[in-house]
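Chemist: Structure file data-v2.txt, compact mmCIF, C-alpha atoms, is pasted below:
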```txt
# COMPACT_ATOMS: atom_id res chain seq x y z
CA MET A 1 36.38 41.73 80.92
CA ALA A 2 39.17 40.58 83.20
CA GLN A 3 36.83 38.10 84.78
CA LYS A 4 35.86 36.72 81.35
CA GLN A 5 39.45 36.48 80.31
CA GLY A 6 40.15 34.56 83.49
CA GLU A 7 37.34 32.14 82.75
CA HIS A 8 38.77 31.57 79.30
CA GLN A 9 42.14 30.99 80.74
CA ILE A 10 40.77 28.48 83.23
CA SER A 11 38.91 26.63 80.52
CA PHE A 12 41.90 26.70 78.29
CA GLY A 13 44.01 25.38 81.09
CA MET A 14 41.58 22.61 81.80
CA ALA A 15 41.29 21.73 78.15
CA GLN A 16 45.07 21.87 77.74
CA PRO A 17 46.68 20.53 80.92
CA SER A 18 50.36 20.51 81.43
CA SER A 19 52.48 17.85 80.03
CA SER A 20 53.15 16.51 83.50
CA SER A 21 49.53 15.38 83.89
CA ILE A 22 49.50 13.48 80.64
CA HIS A 23 49.70 9.75 80.94
CA PRO A 24 52.97 8.37 79.82
CA ASN A 25 51.20 6.18 77.24
CA PHE A 26 50.05 9.37 75.52
CA MET A 27 53.52 9.86 74.10
CA ILE A 28 53.44 8.90 70.44
CA SER A 29 56.07 6.42 69.53
CA LYS A 30 57.56 6.36 66.11
CA GLU A 31 58.83 3.27 64.42
CA SER A 32 62.00 3.06 62.51
CA ASN A 33 60.21 3.62 59.24
CA GLY A 34 58.57 6.86 60.45
CA ALA A 35 54.96 5.58 60.82
CA TYR A 36 52.95 6.36 63.96
CA ASP A 37 51.17 3.74 66.04
CA LEU A 38 47.54 4.89 66.04
CA GLY A 39 46.46 2.11 68.40
CA GLU A 40 48.65 3.49 71.20
CA LEU A 41 47.28 6.98 70.52
CA ASP A 42 43.67 5.83 70.97
CA GLN A 43 44.47 4.10 74.22
CA ALA A 44 46.33 7.14 75.49
CA LEU A 45 43.41 9.42 74.72
CA PHE A 46 40.90 7.22 76.55
CA LEU A 47 43.19 6.91 79.55
CA TYR A 48 43.60 10.67 79.61
CA LEU A 49 39.86 11.27 79.54
CA ASP A 50 39.25 8.79 82.34
CA ALA A 51 41.90 10.57 84.44
CA GLN A 52 40.27 13.94 83.82
CA GLU A 53 36.85 12.64 84.87
CA GLN A 54 38.29 11.20 88.10
CA ARG A 55 40.10 14.45 88.90
CA VAL A 56 36.99 16.54 88.30
CA ALA A 57 34.89 14.18 90.37
CA ALA A 58 37.40 14.34 93.25
CA SER A 59 37.61 18.13 93.21
CA GLY A 60 33.88 18.67 92.72
CA GLU A 61 34.38 21.04 89.82
CA LEU A 62 32.23 21.04 86.65
CA MET A 63 33.90 19.77 83.60
CA PRO A 64 33.63 22.32 80.75
CA GLU A 65 31.46 21.40 77.83
CA THR A 66 33.45 20.36 74.82
CA LEU A 67 32.52 19.08 71.44
CA ASN A 68 31.93 15.31 71.29
CA ILE A 69 34.45 14.68 68.58
CA PHE A 70 35.84 11.48 70.02
CA PRO A 71 34.37 8.12 68.97
CA SER A 72 32.74 5.82 71.44
CA GLN A 73 35.13 3.01 70.59
CA PRO A 74 38.56 2.67 69.04
CA MET A 75 38.66 3.47 65.35
CA HIS A 76 41.40 1.06 64.43
CA GLU A 77 39.04 -1.97 64.45
CA GLU A 78 38.17 -3.43 61.03
CA PRO A 79 34.55 -2.88 59.74
CA SER A 80 34.29 -6.49 58.70
CA MET A 81 34.97 -7.54 62.27
CA LYS A 82 32.16 -5.27 63.47
CA LYS A 83 29.72 -6.58 60.90
CA SER A 84 30.59 -10.19 61.57
CA SER A 85 30.27 -9.75 65.28
CA LYS A 86 26.91 -8.01 64.83
CA SER A 87 25.70 -10.70 62.49
CA ALA A 88 26.75 -13.41 64.86
CA SER A 89 24.91 -11.79 67.69
CA ASP A 90 21.80 -10.97 65.60
CA PRO A 91 19.89 -14.15 64.54
CA GLN A 92 17.61 -12.18 62.16
CA ALA A 93 20.59 -10.87 60.19
CA SER A 94 22.02 -14.39 60.03
CA SER A 95 18.78 -15.70 58.52
CA GLU A 96 18.73 -12.88 55.93
CA ILE A 97 22.27 -13.73 54.86
CA ALA A 98 21.36 -17.40 54.57
CA ASN A 99 18.33 -16.55 52.42
CA ASP A 100 20.51 -14.43 50.10
CA VAL A 101 23.01 -17.21 49.70
CA LYS A 102 20.46 -19.98 48.94
CA PRO A 103 19.30 -18.67 45.50
CA LEU A 104 22.89 -18.22 44.44
CA VAL A 105 23.72 -21.79 45.36
CA LYS A 106 20.54 -23.02 43.67
CA ARG A 107 21.26 -21.16 40.42
CA LYS A 108 24.80 -22.47 40.44
CA ASN A 109 23.55 -26.02 40.89
CA ILE A 110 21.03 -25.58 38.02
CA THR A 111 23.68 -24.18 35.72
CA SER A 112 26.13 -26.90 36.50
CA SER A 113 23.48 -29.62 36.04
CA SER A 114 22.36 -28.16 32.67
CA ASP A 115 25.98 -28.02 31.53
CA HIS A 116 26.40 -31.72 32.28
CA GLU A 117 23.11 -32.73 30.58
CA GLY A 118 24.02 -31.37 27.07
CA PRO A 119 21.59 -30.69 24.13
CA LYS A 120 18.23 -32.45 24.33
CA THR A 121 16.74 -34.31 21.36
CA PRO A 122 13.21 -32.98 20.47
CA ASP A 123 10.42 -35.45 20.99
CA PRO A 124 8.39 -36.77 17.99
CA LYS A 125 5.51 -34.41 18.74
CA THR A 126 7.80 -31.37 18.48
CA LEU A 127 9.38 -32.68 15.28
CA ARG A 128 5.94 -33.26 13.77
CA ARG A 129 4.85 -29.74 14.70
CA LEU A 130 7.98 -28.28 13.13
CA ALA A 131 7.37 -30.24 9.95
CA GLN A 132 3.77 -29.02 9.84
CA ASN A 133 4.94 -25.42 10.27
CA ARG A 134 7.41 -25.77 7.41
CA GLU A 135 4.75 -27.30 5.17
CA ALA A 136 2.29 -24.53 6.04
CA ALA A 137 4.92 -21.89 5.24
CA ARG A 138 5.66 -23.53 1.89
CA LYS A 139 1.98 -23.65 0.95
CA SER A 140 1.60 -20.02 2.02
CA ARG A 141 4.42 -19.01 -0.34
CA LEU A 142 2.81 -20.94 -3.18
CA ARG A 143 -0.56 -19.31 -2.54
CA LYS A 144 1.10 -15.91 -2.49
CA LYS A 145 2.82 -16.65 -5.81
CA ALA A 146 -0.46 -17.81 -7.37
CA TYR A 147 -2.21 -14.71 -6.05
CA VAL A 148 0.42 -12.45 -7.61
CA GLN A 149 0.06 -14.29 -10.93
CA GLN A 150 -3.70 -13.95 -10.68
CA LEU A 151 -3.42 -10.21 -10.13
CA GLU A 152 -1.14 -9.88 -13.13
CA CYS A 153 -3.52 -11.87 -15.32
CA SER A 154 -6.46 -9.79 -14.10
CA ARG A 155 -4.62 -6.58 -14.87
CA ILE A 156 -3.87 -7.68 -18.43
CA LYS A 157 -7.42 -8.90 -18.93
CA LEU A 158 -8.87 -5.65 -17.62
CA ALA A 159 -6.84 -3.68 -20.16
CA GLN A 160 -8.06 -6.01 -22.91
CA ILE A 161 -11.68 -5.64 -21.84
CA GLU A 162 -11.40 -1.87 -21.84
CA GLN A 163 -10.00 -1.95 -25.36
CA GLU A 164 -12.75 -4.33 -26.49
CA LEU A 165 -15.42 -2.08 -25.02
CA GLN A 166 -13.97 0.95 -26.75
CA ARG A 167 -13.88 -0.89 -30.07
CA SER A 168 -17.43 -2.17 -29.55
CA ARG A 169 -18.70 1.33 -28.85
CA ALA A 170 -16.93 2.57 -31.97
CA GLN A 171 -18.66 -0.16 -33.99
CA GLY A 172 -22.05 0.82 -32.59
CA LEU A 173 -22.49 -2.34 -30.53
CA PHE A 174 -24.11 -0.43 -27.70
CA PHE A 175 -25.82 1.98 -30.06
CA GLY A 176 -24.16 4.92 -28.45
CA ALA A 177 -24.17 6.96 -31.65
CA GLU A 178 -26.07 10.20 -31.64
CA GLY A 179 -29.66 9.72 -32.71
CA LEU A 180 -30.06 6.20 -31.35
CA ILE A 181 -29.98 7.12 -27.66
CA GLY A 182 -32.87 9.29 -26.64
CA GLU A 183 -33.40 11.37 -23.57
CA HIS A 184 -34.65 8.38 -21.60
CA GLY A 185 -32.28 5.76 -23.05
CA LEU A 186 -32.52 3.69 -26.23
CA HIS A 187 -35.30 4.37 -28.65
CA PRO A 188 -38.05 1.74 -28.84
CA GLY A 189 -37.09 -1.17 -31.02
CA PHE A 190 -33.37 -0.93 -30.30
CA GLY A 191 -33.44 -2.16 -26.71
CA ASN A 192 -33.78 -5.88 -27.38
CA LEU A 193 -31.38 -5.61 -30.31
CA SER A 194 -28.56 -4.27 -28.20
CA SER A 195 -29.19 -5.66 -24.72
CA ASP A 196 -28.70 -9.37 -25.53
CA PRO A 197 -25.32 -9.09 -27.31
CA ALA A 198 -24.10 -6.59 -24.71
CA MET A 199 -25.21 -8.90 -21.91
CA PHE A 200 -23.36 -11.81 -23.52
CA ASP A 201 -20.19 -9.70 -23.86
CA MET A 202 -20.28 -8.77 -20.18
CA GLU A 203 -20.96 -12.34 -19.07
CA TYR A 204 -18.17 -13.64 -21.30
CA ALA A 205 -15.79 -11.04 -19.85
CA ARG A 206 -16.65 -12.28 -16.33
CA TRP A 207 -16.17 -15.87 -17.45
CA LEU A 208 -12.79 -15.02 -18.96
CA GLU A 209 -11.65 -13.36 -15.73
CA GLU A 210 -12.74 -16.39 -13.72
CA HIS A 211 -10.98 -18.61 -16.27
CA HIS A 212 -7.70 -16.78 -15.64
CA ARG A 213 -8.10 -17.28 -11.90
CA ARG A 214 -8.74 -21.00 -12.28
CA MET A 215 -5.77 -21.39 -14.59
CA CYS A 216 -3.54 -19.68 -12.04
CA GLU A 217 -4.76 -22.07 -9.35
CA LEU A 218 -4.21 -25.05 -11.65
CA ARG A 219 -0.67 -23.87 -12.47
CA ALA A 220 0.11 -23.53 -8.76
CA ALA A 221 -1.26 -27.04 -8.12
CA VAL A 222 0.92 -28.50 -10.89
CA ASP A 223 4.01 -26.70 -9.59
CA GLU A 224 3.28 -28.03 -6.11
CA HIS A 225 3.43 -31.64 -7.45
CA MET A 226 0.09 -32.71 -6.04
CA GLN A 227 -1.18 -36.25 -6.23
CA GLU A 228 -3.26 -37.42 -9.19
CA ASN A 229 -6.52 -37.49 -7.24
CA GLU A 230 -5.96 -33.95 -5.97
CA LEU A 231 -5.11 -32.66 -9.45
CA GLN A 232 -8.24 -34.33 -10.84
CA ILE A 233 -10.34 -32.04 -8.62
CA TYR A 234 -8.75 -28.94 -10.18
CA VAL A 235 -9.11 -30.42 -13.68
CA GLY A 236 -12.78 -31.19 -13.05
CA HIS A 237 -13.41 -27.60 -11.95
CA CYS A 238 -11.76 -26.25 -15.11
CA LEU A 239 -13.78 -28.56 -17.39
CA ALA A 240 -16.97 -27.55 -15.60
CA HIS A 241 -16.01 -23.95 -16.21
CA TYR A 242 -15.68 -24.67 -19.94
CA ASP A 243 -19.17 -26.19 -19.82
CA GLU A 244 -20.45 -22.92 -18.37
CA VAL A 245 -19.26 -20.89 -21.36
CA MET A 246 -20.87 -23.44 -23.69
CA ASN A 247 -24.19 -22.96 -21.90
CA LEU A 248 -23.72 -19.21 -22.08
CA LYS A 249 -23.19 -19.43 -25.84
CA ASN A 250 -26.26 -21.64 -26.27
CA ILE A 251 -28.36 -18.91 -24.69
CA ALA A 252 -26.78 -16.27 -26.90
CA ILE A 253 -27.39 -18.37 -30.03
CA LYS A 254 -31.13 -18.18 -29.50
CA THR A 255 -31.06 -14.39 -29.24
CA ASP A 256 -28.49 -13.39 -31.88
CA VAL A 257 -26.52 -16.10 -33.66
CA PHE A 258 -24.86 -13.56 -35.94
CA HIS A 259 -23.25 -11.90 -32.94
CA LEU A 260 -21.47 -15.15 -32.10
CA LEU A 261 -20.48 -15.79 -35.69
CA SER A 262 -19.08 -12.27 -36.06
CA GLY A 263 -16.66 -12.82 -33.18
CA VAL A 264 -16.71 -9.20 -31.97
CA TRP A 265 -16.65 -10.55 -28.41
CA MET A 266 -13.22 -12.09 -29.08
CA ALA A 267 -9.82 -10.48 -29.51
CA PRO A 268 -8.89 -9.51 -33.09
CA ALA A 269 -6.12 -12.14 -33.33
CA GLU A 270 -8.51 -14.81 -32.04
CA ARG A 271 -10.99 -14.01 -34.80
CA CYS A 272 -8.36 -14.94 -37.38
CA PHE A 273 -8.55 -18.58 -36.19
CA MET A 274 -12.26 -18.63 -35.36
CA TRP A 275 -14.42 -21.40 -36.74
CA LEU A 276 -18.20 -21.30 -36.23
CA GLY A 277 -18.03 -19.11 -33.14
CA GLY A 278 -15.00 -20.75 -31.50
CA PHE A 279 -11.79 -22.72 -31.93
CA ARG A 280 -11.23 -25.72 -34.17
CA PRO A 281 -10.91 -28.88 -32.02
CA SER A 282 -8.43 -30.48 -34.44
CA LYS A 283 -6.20 -27.41 -34.22
CA ILE A 284 -6.17 -27.58 -30.43
CA ILE A 285 -5.28 -31.30 -30.50
CA LYS A 286 -2.37 -30.55 -32.82
CA ILE A 287 -1.06 -27.86 -30.45
CA ILE A 288 -1.38 -30.21 -27.48
CA MET A 289 0.50 -33.09 -29.10
CA SER A 290 3.44 -30.84 -29.98
CA ASN A 291 3.78 -29.39 -26.46
CA LEU A 292 2.62 -32.13 -24.09
CA GLU A 293 5.04 -34.39 -22.26
CA PRO A 294 5.89 -37.80 -23.79
CA LEU A 295 2.79 -39.95 -24.24
CA THR A 296 2.39 -43.70 -24.28
CA GLU A 297 1.76 -45.53 -27.53
CA GLN A 298 -1.85 -46.23 -26.60
CA GLN A 299 -2.42 -42.56 -25.76
CA LEU A 300 -0.92 -41.49 -29.08
CA ILE A 301 -3.24 -43.82 -30.98
CA GLN A 302 -6.32 -42.64 -29.10
CA ILE A 303 -5.44 -38.96 -29.54
CA TYR A 304 -4.76 -39.52 -33.24
CA ASN A 305 -8.18 -41.17 -33.66
CA LEU A 306 -9.77 -38.26 -31.78
CA GLN A 307 -8.08 -35.79 -34.09
CA GLN A 308 -9.28 -37.65 -37.18
CA MET A 309 -12.84 -37.74 -35.83
CA ALA A 310 -12.71 -34.00 -35.08
CA GLN A 311 -11.45 -33.17 -38.56
CA GLU A 312 -14.21 -35.23 -40.18
CA ASN A 313 -16.88 -33.48 -38.13
CA GLU A 314 -15.36 -30.09 -38.87
CA GLU A 315 -15.39 -30.80 -42.62
CA ALA A 316 -18.98 -31.99 -42.45
CA LEU A 317 -20.10 -28.87 -40.60
CA SER A 318 -18.12 -26.60 -42.91
CA GLN A 319 -19.65 -28.22 -46.01
CA GLY A 320 -23.11 -27.99 -44.46
CA LEU A 321 -22.59 -24.30 -43.70
CA GLU A 322 -21.41 -23.69 -47.26
CA SER A 323 -24.47 -25.47 -48.64
CA LEU A 324 -26.69 -23.38 -46.38
CA GLN A 325 -25.14 -20.18 -47.62
CA GLN A 326 -25.63 -21.25 -51.23
CA SER A 327 -29.22 -22.25 -50.60
CA LEU A 328 -29.92 -18.99 -48.81
CA SER A 329 -28.49 -17.03 -51.69
CA ASN A 330 -30.57 -18.98 -54.19
CA THR A 331 -33.72 -18.34 -52.19
CA ILE A 332 -33.19 -14.63 -52.18
CA LEU A 333 -32.41 -14.61 -55.92
CA SER A 334 -35.30 -16.85 -56.90
CA GLU A 335 -37.08 -13.78 -58.25
CA ALA A 336 -35.58 -11.09 -60.43
CA LEU A 337 -34.14 -8.20 -58.48
CA SER A 338 -36.60 -5.63 -59.75
CA PHE A 339 -38.13 -2.67 -58.03
CA PRO A 340 -40.88 -2.43 -57.15
CA SER A 341 -41.20 -6.21 -56.62
CA ASN A 342 -44.27 -8.28 -56.03
CA MET A 343 -44.98 -7.93 -52.32
CA ALA A 344 -46.54 -11.39 -52.01
CA ASP A 345 -43.62 -13.12 -53.69
CA TYR A 346 -41.21 -11.00 -51.65
CA MET A 347 -42.76 -12.07 -48.33
CA ASP A 348 -42.69 -15.72 -49.39
CA GLN A 349 -39.00 -15.46 -50.17
CA MET A 350 -38.27 -13.84 -46.79
CA ALA A 351 -40.21 -16.58 -45.00
CA MET A 352 -38.21 -19.30 -46.75
CA ALA A 353 -34.93 -17.48 -46.01
CA MET A 354 -35.88 -17.16 -42.33
CA ASN A 355 -36.50 -20.90 -42.09
CA LYS A 356 -33.11 -21.62 -43.59
CA LEU A 357 -31.38 -19.15 -41.30
CA SER A 358 -32.79 -20.97 -38.29
CA SER A 359 -30.67 -23.96 -39.26
CA LEU A 360 -27.63 -21.73 -38.81
CA GLU A 361 -28.15 -21.94 -35.06
CA THR A 362 -27.94 -25.72 -35.33
CA PHE A 363 -24.53 -25.55 -37.00
CA VAL A 364 -23.12 -23.32 -34.23
CA LYS A 365 -24.56 -25.56 -31.50
CA GLN A 366 -23.05 -28.65 -33.14
CA ALA A 367 -19.66 -26.91 -33.37
CA ASP A 368 -19.77 -26.02 -29.65
CA SER A 369 -20.79 -29.58 -28.83
CA LEU A 370 -17.81 -30.90 -30.80
CA ARG A 371 -15.46 -28.59 -28.86
CA GLN A 372 -16.94 -29.70 -25.55
CA GLN A 373 -16.77 -33.41 -26.41
CA THR A 374 -13.14 -33.08 -27.51
CA LEU A 375 -12.08 -31.64 -24.14
CA HIS A 376 -13.90 -34.33 -22.15
CA ARG A 377 -12.51 -37.08 -24.38
CA LEU A 378 -8.98 -35.79 -23.80
CA ASN A 379 -9.65 -35.97 -20.07
CA GLN A 380 -10.48 -39.67 -20.44
CA ILE A 381 -7.34 -40.43 -22.45
CA LEU A 382 -4.77 -38.46 -20.45
CA THR A 383 -3.78 -38.70 -16.80
CA SER A 384 -4.77 -35.95 -14.37
CA ARG A 385 -1.34 -34.36 -14.54
CA GLN A 386 -1.26 -34.57 -18.35
CA MET A 387 -4.76 -33.11 -18.62
CA ALA A 388 -3.80 -30.28 -16.27
CA ARG A 389 -0.86 -29.42 -18.51
CA CYS A 390 -3.15 -29.75 -21.54
CA LEU A 391 -5.54 -27.13 -20.12
CA LEU A 392 -2.63 -24.86 -19.29
CA ILE A 393 -1.28 -25.15 -22.84
CA ILE A 394 -4.69 -24.22 -24.31
CA ALA A 395 -5.02 -21.27 -21.93
CA GLU A 396 -1.52 -20.03 -22.75
CA TYR A 397 -2.22 -20.27 -26.49
CA PHE A 398 -5.29 -18.04 -26.31
CA HIS A 399 -3.60 -15.76 -23.80
CA ARG A 400 -0.84 -15.05 -26.31
CA LEU A 401 -3.39 -14.34 -29.01
CA ARG A 402 -5.09 -11.80 -26.75
CA ALA A 403 -1.75 -10.26 -25.84
CA LEU A 404 -0.91 -9.97 -29.54
CA SER A 405 -4.23 -8.23 -30.09
CA SER A 406 -3.49 -5.75 -27.30
CA LEU A 407 -0.11 -4.94 -28.78
CA TRP A 408 -1.65 -4.54 -32.22
CA LEU A 409 -4.35 -2.17 -30.97
CA SER A 410 -1.86 -0.11 -28.97
CA ARG A 411 0.70 0.18 -31.77
CA PRO A 412 1.67 3.72 -32.84
CA ARG A 413 -0.42 4.93 -35.75
CA GLN A 414 1.30 6.37 -38.79
CA GLU A 415 -0.23 9.56 -40.12
```
As structure tokens - that is how I would like this structure written.

Modeler:
Amino acid sequence: MAQKQGEHQISFGMAQPSSSSIHPNFMISKESNGAYDLGELDQALFLYLDAQEQRVAASGELMPETLNIFPSQPMHEEPSMKKSSKSASDPQASSEIANDVKPLVKRKNITSSSDHEGPKTPDPKTLRRLAQNREAARKSRLRKKAYVQQLECSRIKLAQIEQELQRSRAQGLFFGAEGLIGEHGLHPGFGNLSSDPAMFDMEYARWLEEHHRRMCELRAAVDEHMQENELQIYVGHCLAHYDEVMNLKNIAIKTDVFHLLSGVWMAPAERCFMWLGGFRPSKIIKIIMSNLEPLTEQQLIQIYNLQQMAQENEEALSQGLESLQQSLSNTILSEALSFPSNMADYMDQMAMAMNKLSSLETFVKQADSLRQQTLHRLNQILTSRQMARCLLIIAEYFHRLRALSSLWLSRPRQE
């Protein structure tokens, strides 16, 4: 224990020499403001360590191991000086710094050059592309508006068709009453009687739906202020569509002319103004002249002459139909209404009445032909834009009649 204490004392003495062996520079000087000079302290420490190593080397003694807590170089040097000196001595580090600085200088030059250039004027190609994009967006909005109008028209028409079908079933149009429909469908003899009128009603409902779609397209074309030649294409399609319904009615006339004359395929309000299975051409001309845009003097004269011609033909057909009805009545009453009647005379009367009824088909065909000719003659008199507005006026007139019918059918019933 004494020996160990001696060793500790020796080590302690070597680690803490007397003040006489300390280099004079080790003394810390203090400035007038009270701050210590750390630079002098570092130098004193290194001088002290060098003196200790020389003394140990001269005496041959082993220097005790101590912790390496002293830095290898003075600590008072600035880090920036170290880094700069290292960078100067290391060419690779210098190149890395140069590479880092180049993009910064380049970006600064680009920014400064763009600032001096100012806003650039787009070239004609860019301006043309922008104009095309704006025009495409405008047309897209118009198509969307027309599509929404078409959906609304289709919704209203669908409700009207459902009401018409319900009324037709109630009237026995489809022979849905009990006793007429057997286990396997219609009884023999009723099939042909019901299929042709029902087929015409369904085809007319499809035509009416397509008519609404075409009118919506025509309205969008008019609102878009298209050129006359472009509008004429839409007008031609609408007139061709009117020709389709005339052909459809011609087929229905051959199967059941009374179905057309009854008007059950039309809305109730439309039947109030029906004339020989359709509208009166003179009435349509009168509606057009009161709602169409200002016309030239020549156009007014031509439309007036067309109206007079339509009225004359209407009166001739109406008088002919009245004469036919009177003649048909006289044929049936040619023999006394007695029972039982003479079968031979009875069959002769029915044969004569059938021949006269066949002329009824001719009256309806002539009335449809007059309606068709009136529309095409108006197309020749008016401009494309005027004719487009004319078709829209006619469509709106009948649309309001159908809407009035829907309101009338859906009115609250009083008990």

Chemist: So, with all atoms listed in the file as the atoms that count, which of A:Arg129, A:Lys254, A:Lys145, A:Asp123 lies closest to Ala221 of chain A?

Modeler: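 Comparing A:Arg129, A:Lys254, A:Lys145, A:Asp123 against Ala221 of chain A, the winner is A:Lys145.
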
Chemist: Skip segment 396-403 of chain A itself and residues of its chain fewer than 5 positions away, then list as JSON, numbers by chain all residues within 10 Å of it, counting only C-alpha atoms.

Modeler: {"A": [153, 156, 157, 160, 212, 215, 266, 267, 268, 269, 270, 271, 272, 273, 279, 284, 287, 390, 391, 408, 409]}

Chemist: Write out the residues from the selection above, keeping C-alpha atoms, as an mmCIF file, keeping the file's coordinate frame.

Modeler:
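Ended up saving to again-v8.cif:
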```
data_model
loop_
_atom_site.group_PDB
_atom_site.id
_atom_site.type_symbol
_atom_site.label_atom_id
_atom_site.label_comp_id
_atom_site.auth_asym_id
_atom_site.auth_seq_id
_atom_site.Cartn_x
_atom_site.Cartn_y
_atom_site.Cartn_z
ATOM 1 C CA CYS A 153 -3.520 -11.870 -15.320
ATOM 2 C CA ILE A 156 -3.870 -7.680 -18.430
ATOM 3 C CA LYS A 157 -7.420 -8.900 -18.930
ATOM 4 C CA GLN A 160 -8.060 -6.010 -22.910
ATOM 5 C CA HIS A 212 -7.700 -16.780 -15.640
ATOM 6 C CA MET A 215 -5.770 -21.390 -14.590
ATOM 7 C CA MET A 266 -13.220 -12.090 -29.080
ATOM 8 C CA ALA A 267 -9.820 -10.480 -29.510
ATOM 9 C CA PRO A 268 -8.890 -9.510 -33.090
ATOM 10 C CA ALA A 269 -6.120 -12.140 -33.330
ATOM 11 C CA GLU A 270 -8.510 -14.810 -32.040
ATOM 12 C CA ARG A 271 -10.990 -14.010 -34.800
ATOM 13 C CA CYS A 272 -8.360 -14.940 -37.380
ATOM 14 C CA PHE A 273 -8.550 -18.580 -36.190
ATOM 15 C CA PHE A 279 -11.790 -22.720 -31.930
ATOM 16 C CA ILE A 284 -6.170 -27.580 -30.430
ATOM 17 C CA ILE A 287 -1.060 -27.860 -30.450
ATOM 18 C CA CYS A 390 -3.150 -29.750 -21.540
ATOM 19 C CA LEU A 391 -5.540 -27.130 -20.120
ATOM 20 C CA TRP A 408 -1.650 -4.540 -32.220
ATOM 21 C CA LEU A 409 -4.350 -2.170 -30.970
#
```

Chemist: Can you pull out every residue within 10 Å of segment 231-248 of chain A, counting all atoms listed in the file, but drop anything in the same chain fewer than 5 positions away, and send it as number ranges by chain?

Modeler: A: 200, 203-204, 207-208, 210-211, 214-215, 217-219, 221-222, 225-226, 253, 365, 368-369, 371-372, 375-376, 379, 383-391

Chemist: Kindly export the residues of the current selection with C-alpha atoms, as a PDB file, in the frame of the given file.

Modeler:
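Just written: again_20.pdb:
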```pdb
ATOM      1  CA  PHE A 200     -23.360 -11.810 -23.520  1.00  0.00           C
ATOM      2  CA  GLU A 203     -20.960 -12.340 -19.070  1.00  0.00           C
ATOM      3  CA  TYR A 204     -18.170 -13.640 -21.300  1.00  0.00           C
ATOM      4  CA  TRP A 207     -16.170 -15.870 -17.450  1.00  0.00           C
ATOM      5  CA  LEU A 208     -12.790 -15.020 -18.960  1.00  0.00           C
ATOM      6  CA  GLU A 210     -12.740 -16.390 -13.720  1.00  0.00           C
ATOM      7  CA  HIS A 211     -10.980 -18.610 -16.270  1.00  0.00           C
ATOM      8  CA  ARG A 214      -8.740 -21.000 -12.280  1.00  0.00           C
ATOM      9  CA  MET A 215      -5.770 -21.390 -14.590  1.00  0.00           C
ATOM     10  CA  GLU A 217      -4.760 -22.070  -9.350  1.00  0.00           C
ATOM     11  CA  LEU A 218      -4.210 -25.050 -11.650  1.00  0.00           C
ATOM     12  CA  ARG A 219      -0.670 -23.870 -12.470  1.00  0.00           C
ATOM     13  CA  ALA A 221      -1.260 -27.040  -8.120  1.00  0.00           C
ATOM     14  CA  VAL A 222       0.920 -28.500 -10.890  1.00  0.00           C
ATOM     15  CA  HIS A 225       3.430 -31.640  -7.450  1.00  0.00           C
ATOM     16  CA  MET A 226       0.090 -32.710  -6.040  1.00  0.00           C
ATOM     17  CA  ILE A 253     -27.390 -18.370 -30.030  1.00  0.00           C
ATOM     18  CA  LYS A 365     -24.560 -25.560 -31.500  1.00  0.00           C
ATOM     19  CA  ASP A 368     -19.770 -26.020 -29.650  1.00  0.00           C
ATOM     20  CA  SER A 369     -20.790 -29.580 -28.830  1.00  0.00           C
ATOM     21  CA  ARG A 371     -15.460 -28.590 -28.860  1.00  0.00           C
ATOM     22  CA  GLN A 372     -16.940 -29.700 -25.550  1.00  0.00           C
ATOM     23  CA  LEU A 375     -12.080 -31.640 -24.140  1.00  0.00           C
ATOM     24  CA  HIS A 376     -13.900 -34.330 -22.150  1.00  0.00           C
ATOM     25  CA  ASN A 379      -9.650 -35.970 -20.070  1.00  0.00           C
ATOM     26  CA  THR A 383      -3.780 -38.700 -16.800  1.00  0.00           C
ATOM     27  CA  SER A 384      -4.770 -35.950 -14.370  1.00  0.00           C
ATOM     28  CA  ARG A 385      -1.340 -34.360 -14.540  1.00  0.00           C
ATOM     29  CA  GLN A 386      -1.260 -34.570 -18.350  1.00  0.00           C
ATOM     30  CA  MET A 387      -4.760 -33.110 -18.620  1.00  0.00           C
ATOM     31  CA  ALA A 388      -3.800 -30.280 -16.270  1.00  0.00           C
ATOM     32  CA  ARG A 389      -0.860 -29.420 -18.510  1.00  0.00           C
ATOM     33  CA  CYS A 390      -3.150 -29.750 -21.540  1.00  0.00           C
ATOM     34  CA  LEU A 391      -5.540 -27.130 -20.120  1.00  0.00           C
TER      35      LEU A 391
END
```

Chemist: Counting only C-alpha atoms, which residue out of A:Ser318, A:Thr374, A:Ser359, A:Gln227 sits closest to Ile303 of chain A?

Modeler: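 That would be A:Thr374, the residue with the smallest distance to Ile303 of chain A.
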
Chemist: State, in Å with one decimal place, the distance from atom CA of Leu324 of chain A to atom CA of Phe363 of chain A.

Modeler: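 That distance, rounded to one decimal, is 9.9 Å.
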
Chemist: Between atom CA of Trp275 of chain A and atom CA of Arg377 of chain A, what is the distance in Å, rounded to a tenth?

Modeler: 20.1 Å

Chemist: Please measure the separation of atom CA of Met199 of chain A and atom CA of Lys249 of chain A, giving the value in Å to one decimal.

Modeler: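 Spanning atom CA of Met199 of chain A to atom CA of Lys249 of chain A is a straight-line distance of 11.4 Å.
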